[in-house]
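Participant: Input structure: my_file.tsv, which contains TSV, C-alpha atoms.
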```tsv
chain	number	residue	atom	x	y	z
J	13	MET	CA	-2.89	4.65	23.80
J	14	SER	CA	-3.24	5.14	20.05
J	15	ALA	CA	-3.73	2.91	17.03
J	16	ILE	CA	-1.25	3.12	14.16
J	17	LEU	CA	-2.59	1.82	10.86
J	18	PHE	CA	-0.14	1.00	8.06
J	19	GLY	CA	-2.10	1.48	4.88
J	20	SER	CA	-0.48	-0.50	2.08
J	21	ILE	CA	2.25	-2.95	1.19
J	22	SER	CA	4.70	-0.21	0.28
J	23	THR	CA	4.42	1.48	3.65
J	24	LEU	CA	6.29	-1.56	4.97
J	25	VAL	CA	8.50	-2.52	2.01
J	26	ASP	CA	9.11	-0.29	-1.00
J	27	SER	CA	7.78	-2.77	-3.52
J	28	SER	CA	6.64	-0.29	-6.16
J	29	GLU	CA	9.32	-1.10	-8.70
J	30	LEU	CA	8.80	-4.82	-8.17
J	31	GLN	CA	5.12	-4.23	-8.88
J	32	ARG	CA	5.92	-2.36	-12.10
J	33	ARG	CA	8.23	-5.10	-13.28
J	34	ALA	CA	5.58	-7.69	-12.45
J	35	PHE	CA	3.00	-5.83	-14.51
J	36	ASN	CA	5.33	-5.71	-17.51
J	37	THR	CA	6.11	-9.43	-17.20
J	38	ALA	CA	2.40	-10.20	-17.01
J	39	PHE	CA	1.73	-8.09	-20.10
J	40	SER	CA	4.33	-10.07	-22.02
J	41	GLN	CA	2.96	-13.40	-20.82
J	42	HIS	CA	-0.52	-12.40	-22.01
J	43	GLY	CA	0.74	-11.34	-25.43
J	44	LEU	CA	0.33	-7.62	-24.86
J	45	ASP	CA	2.77	-5.14	-26.36
J	46	TRP	CA	2.45	-2.87	-23.33
J	47	SER	CA	5.42	-1.73	-21.28
J	48	TRP	CA	5.08	0.73	-18.42
J	49	ASP	CA	8.21	2.75	-17.81
J	50	GLN	CA	8.76	4.33	-14.41
J	51	GLU	CA	7.36	7.73	-15.38
J	52	GLU	CA	4.17	6.29	-16.85
J	53	TYR	CA	3.67	3.91	-13.94
J	54	ALA	CA	4.12	6.71	-11.42
J	55	ALA	CA	1.35	8.66	-13.15
J	56	LEU	CA	-0.94	5.62	-13.10
J	57	LEU	CA	-0.48	5.25	-9.34
J	58	THR	CA	-2.72	8.25	-8.65
J	59	GLY	CA	-5.56	5.70	-8.82
J	60	ASN	CA	-6.03	2.56	-6.72
J	61	GLY	CA	-6.50	-1.03	-7.77
J	62	GLY	CA	-4.21	-2.91	-10.13
J	63	GLN	CA	-7.00	-4.73	-11.98
J	64	ASP	CA	-8.91	-1.48	-12.51
J	65	ARG	CA	-5.67	0.14	-13.69
J	66	VAL	CA	-5.22	-2.57	-16.33
J	67	ALA	CA	-8.84	-2.34	-17.44
J	68	ALA	CA	-8.72	1.45	-17.76
J	69	TYR	CA	-5.46	1.30	-19.70
J	70	ALA	CA	-6.91	-1.29	-22.10
J	71	GLU	CA	-10.02	0.80	-22.64
J	72	LYS	CA	-7.95	3.90	-23.36
J	73	ARG	CA	-5.97	1.97	-25.98
J	74	GLY	CA	-9.01	0.21	-27.42
J	75	ASP	CA	-7.57	-3.22	-26.54
J	76	ASP	CA	-9.70	-6.23	-25.58
J	77	VAL	CA	-8.03	-7.54	-22.41
J	78	ASP	CA	-9.00	-9.90	-19.59
J	79	ALA	CA	-7.91	-7.51	-16.85
J	80	ALA	CA	-8.60	-10.01	-14.06
J	81	ALA	CA	-6.40	-12.66	-15.67
J	82	VAL	CA	-3.59	-10.20	-16.35
J	83	HIS	CA	-3.73	-8.93	-12.79
J	84	ALA	CA	-3.71	-12.48	-11.37
J	85	THR	CA	-0.55	-13.24	-13.35
J	86	LYS	CA	1.00	-9.97	-12.21
J	87	SER	CA	0.32	-10.87	-8.56
J	88	GLU	CA	1.97	-14.28	-8.96
J	89	VAL	CA	5.02	-12.71	-10.59
J	90	PHE	CA	5.17	-10.04	-7.88
J	91	ARG	CA	5.18	-12.61	-5.09
J	92	THR	CA	7.97	-14.51	-6.83
J	93	LEU	CA	10.06	-11.35	-7.19
J	94	LEU	CA	9.41	-10.45	-3.57
J	95	ALA	CA	10.65	-13.86	-2.39
J	96	GLN	CA	13.69	-13.80	-4.70
J	97	GLU	CA	14.85	-10.26	-3.97
J	98	ALA	CA	13.77	-10.00	-0.32
J	99	PRO	CA	13.80	-6.20	-0.06
J	100	GLU	CA	14.50	-4.66	3.30
J	101	PRO	CA	11.73	-2.99	5.34
J	102	ARG	CA	11.53	0.76	4.74
J	103	ALA	CA	13.43	3.28	6.85
J	104	GLY	CA	12.27	3.27	10.44
J	105	VAL	CA	9.44	0.76	9.95
J	106	VAL	CA	10.73	-2.10	12.11
J	107	GLU	CA	11.94	0.30	14.81
J	108	THR	CA	8.59	2.12	14.84
J	109	ILE	CA	6.62	-1.12	15.08
J	110	ARG	CA	8.83	-2.32	17.92
J	111	ALA	CA	8.59	0.98	19.83
J	112	ALA	CA	4.82	1.14	19.35
J	113	LYS	CA	4.32	-2.38	20.68
J	114	GLU	CA	6.55	-1.71	23.67
J	115	ALA	CA	4.53	1.43	24.46
J	116	GLY	CA	1.24	-0.48	24.23
J	117	HIS	CA	-0.11	1.08	21.03
J	118	ARG	CA	-2.37	-0.95	18.75
J	119	LEU	CA	-1.14	-1.75	15.25
J	120	GLY	CA	-3.03	-2.45	12.04
J	121	PHE	CA	-2.14	-3.34	8.46
J	122	VAL	CA	-4.97	-2.02	6.31
J	123	THR	CA	-4.84	-2.87	2.61
J	124	THR	CA	-7.26	-3.88	-0.10
J	125	THR	CA	-4.78	-6.12	-1.86
J	126	SER	CA	-5.06	-9.90	-1.74
J	127	ALA	CA	-4.41	-12.01	1.33
J	128	ASP	CA	-1.67	-13.82	-0.62
J	129	ASN	CA	0.15	-10.56	-1.31
J	130	VAL	CA	-0.13	-9.54	2.35
J	131	ALA	CA	1.29	-12.90	3.46
J	132	ALA	CA	4.19	-12.54	1.00
J	133	VAL	CA	5.12	-9.10	2.30
J	134	LEU	CA	4.97	-10.23	5.90
J	135	LYS	CA	7.63	-12.84	5.16
J	136	VAL	CA	10.13	-10.03	4.68
J	137	PRO	CA	12.82	-10.23	7.39
J	138	GLY	CA	11.96	-8.11	10.39
J	139	LEU	CA	8.19	-8.22	9.82
J	140	SER	CA	5.48	-10.61	11.00
J	141	ALA	CA	1.70	-10.87	10.96
J	142	ALA	CA	1.99	-11.28	14.73
J	143	ASP	CA	3.14	-7.64	14.93
J	144	PHE	CA	-0.36	-6.46	14.02
J	145	ASP	CA	-3.53	-6.51	16.07
J	146	VAL	CA	-5.63	-6.45	12.91
J	147	VAL	CA	-4.86	-7.17	9.26
J	148	VAL	CA	-7.37	-6.09	6.60
J	149	ASP	CA	-7.15	-7.36	3.02
J	150	ALA	CA	-9.38	-7.55	-0.05
J	151	ASP	CA	-11.41	-10.43	1.41
J	152	ASP	CA	-12.61	-8.24	4.28
J	153	VAL	CA	-14.24	-5.44	2.30
J	154	ASP	CA	-16.74	-4.94	-0.51
J	155	GLU	CA	-15.28	-1.62	-1.64
J	156	PRO	CA	-11.52	-1.18	-2.20
J	157	LYS	CA	-9.67	2.03	-1.49
J	158	PRO	CA	-10.19	4.96	-2.03
J	159	ALA	CA	-13.46	4.03	-0.28
J	160	ALA	CA	-13.24	4.29	3.51
J	161	GLU	CA	-14.48	0.77	4.26
J	162	ALA	CA	-11.09	-0.84	4.92
J	163	TYR	CA	-10.18	1.73	7.57
J	164	ARG	CA	-13.62	1.64	9.15
J	165	HIS	CA	-13.36	-2.14	9.31
J	166	ALA	CA	-9.97	-1.91	11.04
J	167	LEU	CA	-11.15	0.66	13.57
J	168	ALA	CA	-14.21	-1.45	14.41
J	169	ALA	CA	-12.09	-4.58	14.82
J	170	LEU	CA	-9.74	-2.73	17.18
J	171	GLY	CA	-12.56	-0.99	19.05
J	172	GLU	CA	-10.82	2.33	18.39
J	173	HIS	CA	-12.13	5.74	17.35
J	174	ALA	CA	-10.57	7.60	14.44
J	175	SER	CA	-9.62	10.45	16.78
J	176	ASP	CA	-7.30	8.05	18.63
J	177	ALA	CA	-5.57	6.68	15.55
J	178	VAL	CA	-3.30	7.66	12.68
J	179	ALA	CA	-2.81	6.13	9.24
J	180	VAL	CA	0.42	5.79	7.26
J	181	GLU	CA	-0.05	5.83	3.48
J	182	ASP	CA	2.20	5.75	0.42
J	183	ASN	CA	-0.37	6.69	-2.25
J	184	THR	CA	-2.95	9.42	-2.63
J	185	GLY	CA	-5.88	7.03	-3.00
J	186	GLY	CA	-4.98	5.56	0.37
J	187	VAL	CA	-4.84	9.04	1.88
J	188	THR	CA	-8.34	9.72	0.53
J	189	SER	CA	-9.56	6.44	2.05
J	190	ALA	CA	-8.13	7.19	5.48
J	191	ARG	CA	-9.36	10.78	5.52
J	192	ALA	CA	-12.85	9.60	4.55
J	193	ALA	CA	-12.77	7.39	7.65
J	194	GLY	CA	-11.89	10.44	9.77
J	195	LEU	CA	-8.22	9.58	10.25
J	196	PRO	CA	-5.19	11.87	10.16
J	197	VAL	CA	-2.66	10.57	7.65
J	198	VAL	CA	1.13	10.63	7.58
J	199	ALA	CA	2.23	10.38	3.96
J	200	PHE	CA	5.21	8.05	3.48
J	201	PRO	CA	5.74	8.10	-0.31
J	202	ASN	CA	7.43	5.24	-2.12
J	203	THR	CA	9.87	5.39	-5.02
J	204	ASN	CA	7.14	6.02	-7.58
J	205	THR	CA	4.78	8.27	-5.61
J	206	ALA	CA	7.24	10.82	-4.25
J	207	ASP	CA	6.10	13.54	-6.66
J	208	HIS	CA	2.38	13.09	-6.09
J	209	ASP	CA	0.13	15.68	-4.42
J	210	TRP	CA	0.15	15.07	-0.66
J	211	SER	CA	-1.84	18.14	0.37
J	212	GLU	CA	-4.61	15.99	1.83
J	213	ALA	CA	-2.20	14.35	4.32
J	214	THR	CA	-1.51	15.91	7.71
J	215	GLU	CA	2.25	15.38	7.39
J	216	ARG	CA	4.77	13.91	4.98
J	217	VAL	CA	7.89	11.99	6.07
J	218	ASP	CA	10.73	10.13	4.37
J	219	ALA	CA	11.40	7.80	7.31
J	220	LEU	CA	9.14	6.65	10.13
J	221	GLU	CA	9.50	7.59	13.78
J	222	LEU	CA	6.93	6.84	16.44
J	223	ASP	CA	6.90	10.40	17.81
J	224	ASP	CA	6.16	11.80	14.33
J	225	LEU	CA	3.14	9.50	14.03
J	226	LEU	CA	1.78	10.17	17.49
J	227	ARG	CA	1.83	13.94	17.13
J	228	ASN	CA	-0.64	13.57	14.25
J	229	VAL	CA	-3.23	11.73	16.34
J	230	GLY	CA	-6.35	13.85	16.71
J	231	ARG	CA	-5.34	16.32	13.98
```
Starting from the file, give its structure as structure tokens.
Facilitator:
Amino acid sequence: MSAILFGSISTLVDSSELQRRAFNTAFSQHGLDWSWDQEEYAALLTGNGGQDRVAAYAEKRGDDVDAAAVHATKSEVFRTLLAQEAPEPRAGVVETIRAAKEAGHRLGFVTTTSADNVAAVLKVPGLSAADFDVVVDADDVDEPKPAAEAYRHALAALGEHASDAVAVEDNTGGVTSARAAGLPVVAFPNTNTADHDWSEATERVDALELDDLLRNVGR
């Protein structure tokens, strides 16, 4: 049997636009005249880590910003939006999770976002923390993605080898993280990462199917 590791919030629910809106609300609440449109935000998503993204943007503009505080506000706003708008799971996700469990495959949710954000996403109808044999969040690792630590932690917790597992990622930093841990990666881009460079992934899909994931194991 294989392990299937979902690599970020937006591999389960396409939350990217909610995240962008949450950033812009947080900027306003902190008195910043920033506003990320969809094109600019998509370009910023080539790097991982919302707090680092805010800090780098402030440095580029020469603004003095408490990036941690802005990001904390953004996360609170994001969780509120997620609860209010209750987006549906992405195409094929619930069916793939169900089929994988029935076939005896191990499942992981491997992020380096906060535990609160993970819990909020797993309240989306059709999903549950109980679906996963391991859940990794920011509290479990010292180095966020694109470092490999989160995936290595998940594999160790499952007692699985990378050659018997496959990752699903929606951003290129996540792909880099999974590949550094020795995993094949199925790219499953979200609304704002569709035009990114997925050459490092072993396959790209627009909807999940269990057979598509399993044929990438060992690649």
Participant: At a cut-off of 12 Å around the point (2.0, -12.7, 5.3) (file coordinates), what residues fall inside when counting only C-alpha atoms? I'd like the answer as a list in words.
Facilitator: Ile21, Leu24, Arg91, Leu94, Ala95, Phe121, Thr125, Ser126, Ala127, Asp128, Asn129, Val130, Ala131, Ala132, Val133, Leu134, Lys135, Val136, Pro137, Leu139, Ser140, Ala141, Ala142, Asp143, Phe144, Val147, Val148 and Asp149 of chain J
Participant: Mind checking which residues fall within 12 Å of Ser175 in chain J, counting only C-alpha atoms, ignoring those fewer than 4 positions away in the same chain, and posting them as a VMD selection string?
Facilitator: chain J and resid 13 to 16 167 179 190 to 191 193 to 197 226 to 231
Participant: Can you tell me, as a PyMOL selection string, what residues are no more than 12 Å from Asp152 in chain J when counting all atoms listed in the file, ignoring any on the same chain fewer than 5 positions away?
Facilitator: chain J and resi 122-127+146-147+161-166+169
Participant: Smallest atom-to-atom distance to Ala79 in chain J: which of J:Ala38, J:Ile109, J:Thr58, J:Asp49, using only C-alpha atoms?
Facilitator: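 Checking each candidate against Ala79 in chain J, we get J:Ala38 as the closest.
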Participant: Give the answer as one residue: which of J:Glu52, J:Phe39, J:Lys113, J:Arg102 has the shortest atom-to-atom distance to Ala81 in chain J, using only C-alpha atoms?
Facilitator: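 Looking at the shortest contact to Ala81 in chain J, the residue is J:Phe39.
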Participant: Work out how far CA of Val198 in chain J is from CA of Asp176 in chain J, in Å to one decimal.
Facilitator: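 Computed distance, CA of Asp176 in chain J to CA of Val198 in chain J, equals 14.1 Å.
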Participant: Nearest to Pro158 in chain J among J:Asp145, J:Asp75, J:Glu97, J:Glu181, with distances taken over only C-alpha atoms: which residue is it?
Facilitator: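 The answer is J:Glu181, which sits nearest to Pro158 in chain J.
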Participant: Using Å and a single decimal, report how far CA of Trp48 in chain J sits from CA of Asn36 in chain J.
Facilitator: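 Straight-line distance from CA of Asn36 in chain J to CA of Trp48 in chain J works out to 6.5 Å.
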Participant: Just to confirm, what's the straight-line distance from CA of Ala55 in chain J to CA of Val187 in chain J in Å (one decimal)?
Facilitator: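 Rounded to one decimal, the two atoms are 16.3 Å apart.
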Participant: Of the candidates J:Glu155, J:Glu172, J:Asp182, J:Glu215, which shows the shortest atom-to-atom distance to Gly61 in chain J, using all atoms listed in the file?
Facilitator: J:Glu155
Participant: Would you mind telling me which residue in J:Phe200, J:Arg33, J:Leu170, J:Gln41 lies nearest to Arg118 in chain J when using only C-alpha atoms?
Facilitator: J:Leu170
Participant: Could you add N, CA and C atoms to range 170-202 of chain J and give me the result as a compact mmCIF listing (two decimals), keeping the file's coordinate frame?
Facilitator:
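Contents of part39.txt, as written:
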```
# COMPACT_ATOMS: atom_id res chain seq x y z
N LEU J 170 -10.60 -3.12 16.05
CA LEU J 170 -9.74 -2.73 17.18
C LEU J 170 -10.54 -2.12 18.33
N GLY J 171 -11.78 -1.70 18.04
CA GLY J 171 -12.56 -0.99 19.05
C GLY J 171 -12.02 0.40 19.31
N GLU J 172 -11.45 1.01 18.26
CA GLU J 172 -10.82 2.33 18.39
C GLU J 172 -11.61 3.38 17.60
N HIS J 173 -11.53 4.62 18.06
CA HIS J 173 -12.13 5.74 17.35
C HIS J 173 -11.07 6.40 16.48
N ALA J 174 -11.51 6.97 15.36
CA ALA J 174 -10.57 7.60 14.44
C ALA J 174 -9.76 8.71 15.11
N SER J 175 -10.33 9.37 16.11
CA SER J 175 -9.62 10.45 16.78
C SER J 175 -8.46 9.95 17.63
N ASP J 176 -8.39 8.63 17.85
CA ASP J 176 -7.30 8.05 18.63
C ASP J 176 -6.35 7.23 17.77
N ALA J 177 -6.38 7.48 16.46
CA ALA J 177 -5.57 6.68 15.55
C ALA J 177 -4.92 7.56 14.49
N VAL J 178 -3.96 6.97 13.80
CA VAL J 178 -3.30 7.66 12.68
C VAL J 178 -2.98 6.62 11.62
N ALA J 179 -3.13 7.01 10.35
CA ALA J 179 -2.81 6.13 9.24
C ALA J 179 -1.48 6.54 8.62
N VAL J 180 -0.81 5.56 8.03
CA VAL J 180 0.42 5.79 7.26
C VAL J 180 0.13 5.31 5.84
N GLU J 181 0.28 6.20 4.86
CA GLU J 181 -0.05 5.83 3.48
C GLU J 181 1.05 6.25 2.51
N ASP J 182 1.17 5.47 1.43
CA ASP J 182 2.20 5.75 0.42
C ASP J 182 1.60 6.17 -0.91
N ASN J 183 0.27 6.28 -1.00
CA ASN J 183 -0.37 6.69 -2.25
C ASN J 183 -1.57 7.57 -1.95
N THR J 184 -1.93 8.42 -2.90
CA THR J 184 -2.95 9.42 -2.63
C THR J 184 -4.34 8.81 -2.49
N GLY J 185 -4.61 7.71 -3.18
CA GLY J 185 -5.88 7.03 -3.00
C GLY J 185 -6.04 6.50 -1.58
N GLY J 186 -4.95 6.02 -1.01
CA GLY J 186 -4.98 5.56 0.37
C GLY J 186 -5.21 6.69 1.34
N VAL J 187 -4.61 7.85 1.05
CA VAL J 187 -4.84 9.04 1.88
C VAL J 187 -6.32 9.40 1.85
N THR J 188 -6.91 9.40 0.67
CA THR J 188 -8.34 9.72 0.53
C THR J 188 -9.18 8.74 1.34
N SER J 189 -8.84 7.47 1.29
CA SER J 189 -9.56 6.44 2.05
C SER J 189 -9.50 6.70 3.55
N ALA J 190 -8.30 6.96 4.05
CA ALA J 190 -8.13 7.19 5.48
C ALA J 190 -8.83 8.46 5.94
N ARG J 191 -8.72 9.52 5.15
CA ARG J 191 -9.36 10.78 5.52
C ARG J 191 -10.88 10.63 5.52
N ALA J 192 -11.40 9.83 4.60
CA ALA J 192 -12.85 9.60 4.55
C ALA J 192 -13.33 8.85 5.79
N ALA J 193 -12.44 8.09 6.41
CA ALA J 193 -12.77 7.39 7.65
C ALA J 193 -12.52 8.26 8.88
N GLY J 194 -12.10 9.51 8.67
CA GLY J 194 -11.89 10.44 9.77
C GLY J 194 -10.51 10.41 10.37
N LEU J 195 -9.56 9.76 9.70
CA LEU J 195 -8.22 9.58 10.25
C LEU J 195 -7.25 10.65 9.77
N PRO J 196 -6.35 11.11 10.63
CA PRO J 196 -5.19 11.87 10.16
C PRO J 196 -4.27 10.91 9.43
N VAL J 197 -3.50 11.43 8.48
CA VAL J 197 -2.66 10.57 7.65
C VAL J 197 -1.25 11.13 7.55
N VAL J 198 -0.27 10.30 7.85
CA VAL J 198 1.13 10.63 7.58
C VAL J 198 1.49 10.01 6.24
N ALA J 199 1.83 10.86 5.28
CA ALA J 199 2.23 10.38 3.96
C ALA J 199 3.67 9.89 4.01
N PHE J 200 3.90 8.70 3.48
CA PHE J 200 5.21 8.05 3.48
C PHE J 200 5.45 7.54 2.05
N PRO J 201 5.70 8.46 1.10
CA PRO J 201 5.74 8.10 -0.31
C PRO J 201 6.78 7.03 -0.63
N ASN J 202 6.46 6.22 -1.65
CA ASN J 202 7.43 5.24 -2.12
C ASN J 202 8.19 5.79 -3.32
```
